[in-house]
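A.B. asks: Data file run-v2.cif (mmCIF, C-alpha atoms) is appended below.
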data_query
loop_
_atom_site.group_PDB
_atom_site.id
_atom_site.type_symbol
_atom_site.label_atom_id
_atom_site.label_comp_id
_atom_site.auth_asym_id
_atom_site.auth_seq_id
_atom_site.Cartn_x
_atom_site.Cartn_y
_atom_site.Cartn_z
ATOM 1 C CA MET I 1 35.793 -34.282 -5.290
ATOM 2 C CA ARG I 2 34.467 -31.572 -2.993
ATOM 3 C CA LYS I 3 33.907 -29.206 -5.931
ATOM 4 C CA LEU I 4 32.019 -31.907 -7.798
ATOM 5 C CA SER I 5 29.804 -32.548 -4.756
ATOM 6 C CA LEU I 6 29.050 -28.836 -4.387
ATOM 7 C CA PHE I 7 28.240 -28.593 -8.081
ATOM 8 C CA ILE I 8 25.829 -31.558 -7.870
ATOM 9 C CA VAL I 9 24.108 -30.064 -4.792
ATOM 10 C CA PHE I 10 23.788 -26.711 -6.563
ATOM 11 C CA CYS I 11 22.302 -28.355 -9.669
ATOM 12 C CA LEU I 12 19.795 -30.313 -7.567
ATOM 13 C CA LEU I 13 18.729 -27.174 -5.690
ATOM 14 C CA PHE I 14 18.415 -25.154 -8.906
ATOM 15 C CA THR I 15 16.405 -27.920 -10.588
ATOM 16 C CA SER I 16 14.117 -28.206 -7.557
ATOM 17 C CA ILE I 17 13.485 -24.443 -7.422
ATOM 18 C CA TYR I 18 13.001 -24.181 -11.185
ATOM 19 C CA ALA I 19 10.534 -27.087 -11.158
ATOM 20 C CA GLN I 20 8.352 -25.222 -8.641
ATOM 21 C CA VAL I 21 8.299 -21.945 -10.613
ATOM 22 C CA LYS I 22 5.274 -21.624 -12.878
ATOM 23 C CA VAL I 23 5.061 -18.846 -15.501
ATOM 24 C CA ARG I 24 1.716 -17.900 -17.066
ATOM 25 C CA PRO I 25 1.138 -14.929 -19.405
ATOM 26 C CA GLY I 26 -2.080 -12.980 -19.186
ATOM 27 C CA ILE I 27 -4.127 -9.959 -20.157
ATOM 28 C CA LYS I 28 -5.957 -7.473 -17.954
ATOM 29 C CA MET I 29 -8.291 -4.508 -18.227
ATOM 30 C CA GLY I 30 -10.392 -2.338 -15.995
ATOM 31 C CA ILE I 31 -11.625 1.089 -14.957
ATOM 32 C CA ASN I 32 -9.615 3.967 -13.452
ATOM 33 C CA ASN I 33 -11.146 6.614 -11.212
ATOM 34 C CA SER I 34 -8.332 9.171 -11.113
ATOM 35 C CA GLU I 35 -7.795 12.642 -9.733
ATOM 36 C CA ILE I 36 -5.012 15.180 -9.286
ATOM 37 C CA THR I 37 -4.627 16.026 -5.604
ATOM 38 C CA ASN I 38 -4.770 19.679 -4.460
ATOM 39 C CA SER I 39 -6.246 20.820 -7.776
ATOM 40 C CA TYR I 40 -9.640 22.199 -8.770
ATOM 41 C CA LEU I 41 -10.168 19.350 -11.233
ATOM 42 C CA ASP I 42 -12.964 16.839 -10.784
ATOM 43 C CA PRO I 43 -12.240 13.077 -10.774
ATOM 44 C CA LYS I 44 -11.904 11.438 -14.184
ATOM 45 C CA THR I 45 -12.993 7.988 -15.338
ATOM 46 C CA GLY I 46 -10.742 6.135 -17.775
ATOM 47 C CA ILE I 47 -9.556 2.659 -18.654
ATOM 48 C CA TYR I 48 -6.449 0.573 -18.248
ATOM 49 C CA VAL I 49 -5.515 -2.382 -20.437
ATOM 50 C CA GLY I 50 -2.406 -4.468 -20.980
ATOM 51 C CA GLY I 51 -0.538 -7.680 -20.367
ATOM 52 C CA PHE I 52 1.528 -9.390 -17.708
ATOM 53 C CA ALA I 53 3.573 -12.464 -16.847
ATOM 54 C CA SER I 54 2.586 -14.273 -13.657
ATOM 55 C CA ILE I 55 5.635 -15.940 -12.079
ATOM 56 C CA GLN I 56 4.474 -18.229 -9.274
ATOM 57 C CA PHE I 57 7.361 -19.167 -6.981
ATOM 58 C CA ASN I 58 5.198 -21.085 -4.512
ATOM 59 C CA LYS I 59 1.565 -21.332 -3.420
ATOM 60 C CA ARG I 60 1.809 -18.188 -1.299
ATOM 61 C CA TYR I 61 3.850 -15.788 -3.471
ATOM 62 C CA THR I 62 3.656 -14.675 -7.111
ATOM 63 C CA LEU I 63 5.708 -11.975 -8.850
ATOM 64 C CA GLN I 64 3.890 -10.288 -11.738
ATOM 65 C CA PRO I 65 5.622 -7.832 -14.129
ATOM 66 C CA GLU I 66 2.994 -5.754 -15.949
ATOM 67 C CA LEU I 67 2.854 -3.461 -18.980
ATOM 68 C CA LEU I 68 -0.316 -1.338 -19.134
ATOM 69 C CA TYR I 69 -1.875 1.589 -20.954
ATOM 70 C CA SER I 70 -3.625 3.808 -18.392
ATOM 71 C CA GLN I 71 -5.883 6.857 -18.862
ATOM 72 C CA GLN I 72 -5.548 9.295 -15.956
ATOM 73 C CA GLY I 73 -5.964 12.986 -15.143
ATOM 74 C CA GLY I 74 -8.983 15.075 -14.172
ATOM 75 C CA ASN I 75 -12.114 16.653 -15.591
ATOM 76 C CA GLY I 76 -12.588 20.385 -15.967
ATOM 77 C CA ASN I 77 -15.271 22.436 -14.267
ATOM 78 C CA SER I 78 -16.116 26.096 -13.631
ATOM 79 C CA ARG I 79 -12.910 26.660 -11.648
ATOM 80 C CA ALA I 80 -10.660 24.645 -14.002
ATOM 81 C CA PRO I 81 -12.277 24.908 -17.437
ATOM 82 C CA GLU I 82 -10.083 22.416 -19.316
ATOM 83 C CA ASP I 83 -9.790 18.638 -18.897
ATOM 84 C CA LEU I 84 -6.431 17.118 -17.982
ATOM 85 C CA ASN I 85 -5.926 13.954 -20.043
ATOM 86 C CA ILE I 86 -2.769 11.970 -19.300
ATOM 87 C CA GLN I 87 -2.063 8.812 -21.292
ATOM 88 C CA TYR I 88 0.456 6.683 -19.375
ATOM 89 C CA ILE I 89 2.400 3.578 -20.322
ATOM 90 C CA SER I 90 2.791 1.901 -16.933
ATOM 91 C CA ILE I 91 5.554 -0.576 -16.143
ATOM 92 C CA GLY I 92 4.659 -2.254 -12.852
ATOM 93 C CA LEU I 93 5.976 -5.020 -10.620
ATOM 94 C CA ALA I 94 3.132 -6.566 -8.628
ATOM 95 C CA ASN I 95 3.902 -8.738 -5.600
ATOM 96 C CA LYS I 96 1.002 -11.054 -4.746
ATOM 97 C CA PHE I 97 0.750 -12.641 -1.311
ATOM 98 C CA PHE I 98 -1.885 -15.375 -0.942
ATOM 99 C CA VAL I 99 -3.442 -15.771 2.512
ATOM 100 C CA SER I 100 -3.795 -19.534 2.069
ATOM 101 C CA PRO I 101 -2.287 -21.996 -0.416
ATOM 102 C CA ASN I 102 -5.702 -23.300 -1.489
ATOM 103 C CA ILE I 103 -7.690 -20.039 -1.521
ATOM 104 C CA GLY I 104 -7.420 -17.410 -4.268
ATOM 105 C CA PHE I 105 -7.743 -14.375 -1.968
ATOM 106 C CA HIS I 106 -4.554 -12.294 -2.092
ATOM 107 C CA LEU I 107 -2.965 -8.979 -1.227
ATOM 108 C CA VAL I 108 -1.036 -7.151 -3.948
ATOM 109 C CA LEU I 109 1.488 -4.330 -3.745
ATOM 110 C CA GLY I 110 4.364 -2.924 -5.731
ATOM 111 C CA PRO I 111 5.960 -0.015 -7.595
ATOM 112 C CA THR I 112 5.238 1.320 -11.058
ATOM 113 C CA LEU I 113 6.928 3.674 -13.497
ATOM 114 C CA ASP I 114 4.390 5.683 -15.512
ATOM 115 C CA ILE I 115 5.657 7.189 -18.772
ATOM 116 C CA ASN I 116 3.590 9.959 -20.340
ATOM 117 C CA ALA I 117 2.825 8.634 -23.817
ATOM 118 C CA GLU I 118 1.325 11.870 -25.136
ATOM 119 C CA ASN I 119 2.744 15.126 -23.813
ATOM 120 C CA SER I 120 0.244 17.361 -25.617
ATOM 121 C CA ALA I 121 -0.503 20.955 -24.594
ATOM 122 C CA ILE I 122 -3.276 21.553 -22.060
ATOM 123 C CA SER I 123 -4.716 24.386 -20.021
ATOM 124 C CA VAL I 124 -5.307 23.225 -16.479
ATOM 125 C CA ILE I 125 -5.030 23.791 -12.719
ATOM 126 C CA ASN I 126 -4.013 27.451 -12.651
ATOM 127 C CA GLY I 127 -5.470 28.520 -16.015
ATOM 128 C CA ASN I 128 -2.338 30.454 -17.057
ATOM 129 C CA GLY I 129 -2.188 29.303 -20.674
ATOM 130 C CA ASP I 130 -1.139 26.108 -22.403
ATOM 131 C CA LEU I 131 0.893 23.795 -20.198
ATOM 132 C CA ASP I 132 2.655 20.466 -20.659
ATOM 133 C CA LYS I 133 2.592 17.592 -18.202
ATOM 134 C CA THR I 134 5.654 16.065 -16.591
ATOM 135 C CA PRO I 135 6.994 13.127 -18.674
ATOM 136 C CA ILE I 136 7.093 10.432 -15.932
ATOM 137 C CA ASP I 137 5.655 9.492 -12.583
ATOM 138 C CA PHE I 138 6.747 6.978 -9.966
ATOM 139 C CA ALA I 139 3.935 5.387 -7.991
ATOM 140 C CA PHE I 140 3.172 2.659 -5.486
ATOM 141 C CA PHE I 141 0.018 0.579 -5.482
ATOM 142 C CA GLY I 142 -1.716 -1.776 -3.102
ATOM 143 C CA GLY I 143 -4.920 -3.742 -3.198
ATOM 144 C CA VAL I 144 -6.812 -6.984 -2.824
ATOM 145 C CA GLY I 145 -8.008 -9.601 -5.255
ATOM 146 C CA TYR I 146 -9.333 -13.060 -5.834
ATOM 147 C CA GLU I 147 -7.934 -15.613 -8.273
ATOM 148 C CA PHE I 148 -10.104 -18.428 -9.561
ATOM 149 C CA PRO I 149 -8.546 -21.840 -10.421
ATOM 150 C CA PHE I 150 -9.501 -21.526 -14.122
ATOM 151 C CA GLY I 151 -7.452 -18.317 -14.607
ATOM 152 C CA LEU I 152 -9.853 -15.424 -13.965
ATOM 153 C CA VAL I 153 -8.575 -12.780 -11.533
ATOM 154 C CA LEU I 154 -10.580 -9.914 -9.999
ATOM 155 C CA GLU I 155 -8.692 -7.065 -8.320
ATOM 156 C CA ALA I 156 -9.157 -3.645 -6.765
ATOM 157 C CA ARG I 157 -6.102 -1.409 -6.340
ATOM 158 C CA TYR I 158 -5.221 2.068 -5.169
ATOM 159 C CA LYS I 159 -2.244 3.743 -6.893
ATOM 160 C CA GLN I 160 -0.574 6.834 -5.455
ATOM 161 C CA GLY I 161 1.820 8.907 -7.551
ATOM 162 C CA LEU I 162 4.948 10.232 -5.881
ATOM 163 C CA LEU I 163 6.057 12.943 -8.310
ATOM 164 C CA ASP I 164 4.453 16.333 -8.702
ATOM 165 C CA VAL I 165 2.493 16.649 -11.959
ATOM 166 C CA GLU I 166 4.817 19.498 -12.874
ATOM 167 C CA LEU I 167 3.603 21.958 -15.435
ATOM 168 C CA PHE I 168 5.659 23.851 -18.003
ATOM 169 C CA ASN I 169 4.682 26.737 -20.233
ATOM 170 C CA GLN I 170 5.323 26.822 -23.974
ATOM 171 C CA GLU I 171 8.716 28.452 -23.409
ATOM 172 C CA GLY I 172 9.763 25.426 -21.354
ATOM 173 C CA GLU I 173 9.744 27.338 -18.070
ATOM 174 C CA TYR I 174 8.558 25.555 -14.945
ATOM 175 C CA VAL I 175 5.262 26.799 -13.538
ATOM 176 C CA PRO I 176 5.468 26.246 -9.770
ATOM 177 C CA ASN I 177 2.616 24.614 -7.884
ATOM 178 C CA TYR I 178 3.346 26.860 -4.917
ATOM 179 C CA SER I 179 2.780 25.285 -1.501
ATOM 180 C CA GLU I 180 1.072 22.004 -2.446
ATOM 181 C CA ASN I 181 1.992 19.135 -4.739
ATOM 182 C CA HIS I 182 -0.375 17.906 -7.442
ATOM 183 C CA LEU I 183 -0.122 14.108 -7.417
ATOM 184 C CA ASN I 184 -1.800 11.332 -9.366
ATOM 185 C CA SER I 185 -4.290 9.423 -7.222
ATOM 186 C CA VAL I 186 -6.013 6.467 -8.882
ATOM 187 C CA PHE I 187 -8.516 3.816 -7.751
ATOM 188 C CA GLN I 188 -8.561 0.829 -10.129
ATOM 189 C CA ILE I 189 -10.961 -2.073 -10.415
ATOM 190 C CA GLY I 190 -10.734 -4.714 -13.084
ATOM 191 C CA ALA I 191 -10.304 -8.273 -14.266
ATOM 192 C CA ALA I 192 -7.458 -10.350 -15.662
ATOM 193 C CA TYR I 193 -7.075 -13.740 -17.268
ATOM 194 C CA LYS I 194 -4.044 -16.025 -17.011
ATOM 195 C CA PHE I 195 -3.433 -18.459 -19.861
ATOM 196 C CA GLU I 196 -2.418 -22.054 -19.223
ATOM 197 C CA PHE I 197 0.272 -23.577 -21.446
#
I'd like the structure from this file rewritten - as structure tokens, please.

C.D. replies:
Amino acid sequence: MRKLSLFIVFCLLFTSIYAQVKVRPGIKMGINNSEITNSYLDPKTGIYVGGFASIQFNKRYTLQPELLYSQQGGNGNSRAPEDLNIQYISIGLANKFFVSPNIGFHLVLGPTLDINAENSAISVINGNGDLDKTPIDFAFFGGVGYEFPFGLVLEARYKQGLLDVELFNQEGEYVPNYSENHLNSVFQIGAAYKFEF
């Protein structure tokens, strides 16, 4: 009898929690202003675009897995004559915290895994020949946004890479960055739309 009672309580709790969870798919796109820290490269403007699933657990917290295509890197100049173009596939996990249940203003933060989708040869940073970029980057992002009741979301985020943009020569040998790391640093601003089903 006790096991049956526990089972019924568990089912009621699970049903109650599940009934409050609301899942909405969506699309998003925006502009990146990216740079490689401690390099001679100028900032680079690119785009990001992709999809997500908004999982609303309650009126104050939403978990949002994201899959994005993101253009990052830096622009060449007289000191670094070649552009650095990095095409990332970003897998992120955004945590949204709403300041009030009835207002769309929210804070967002979370981790992301960036996978280099095109590891083509480049000549950048130290100008010592053709170099390849590191295949992945781990990053954390934070930002603010506003969500309208009809599904439109506006957000601004800052994403900081944690792994050195390591460079390798054509023989596969690591080219050291000496005393300073070269990290991805990206400011993002964009819009998203959540579909209602």

A.B. asks: For the structure provided, state which residues fall under the PyMOL selection byres ((chain I and resi 157-163) around 8), and present them as a PyMOL selection string.

C.D. replies: chain I and resi 137-144+155-156+164-165+183-189

A.B. asks: Can you measure CA of Pro149 in chain I to CA of Gly46 in chain I for me? One decimal in Å is fine.

C.D. replies: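 Between these atoms lies a distance of 29.0 Å.
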
A.B. asks: What residues come out when you apply the PyMOL selection byres ((chain I and resi 54-70) around 8) to this file, written as a PyMOL selection string?

C.D. replies: chain I and resi 20-26+32+46-53+71-72+87-102+194

A.B. asks: Around all listed atoms of range 39-42 of chain I, padded 3 Å per side, what centre and edge lengths does the axis-aligned box have in Å to one decimal, as JSON?

C.D. replies:
{"center_x": -9.6, "center_y": 19.5, "center_z": -9.5, "size_x": 12.7, "size_y": 11.4, "size_z": 9.5}

A.B. asks: Just give me the gap between CA of Leu41 in chain I and CA of Thr134 in chain I in Å, one decimal is fine.

C.D. replies: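 According to the coordinates, CA of Leu41 in chain I and CA of Thr134 in chain I are separated by 17.0 Å.
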
A.B. asks: Quote the spacing between CA of Ala80 in chain I and CA of Asn181 in chain I in Å to one decimal place.

C.D. replies: 16.6 Å

A.B. asks: Which residue, I:Leu154, I:Val108, I:Ala117, I:Ile86, has the smallest gap to Gly190 in chain I when you use only C-alpha atoms?

C.D. replies: I:Leu154

A.B. asks: Smallest atom-to-atom distance to Asn38 in chain I: which of I:His182, I:Glu196, I:Ala191, I:Ser78, using all atoms listed in the file?

C.D. replies: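 Among I:His182, I:Glu196, I:Ala191, I:Ser78, it is I:His182 that comes nearest to Asn38 in chain I.
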
A.B. asks: For Leu152 in chain I, which residue out of I:Phe197, I:Gly104, I:Gly110, I:Asn33 is the nearest one, using only C-alpha atoms?

C.D. replies: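 Closest to Leu152 in chain I, using only C-alpha atoms: I:Gly104.
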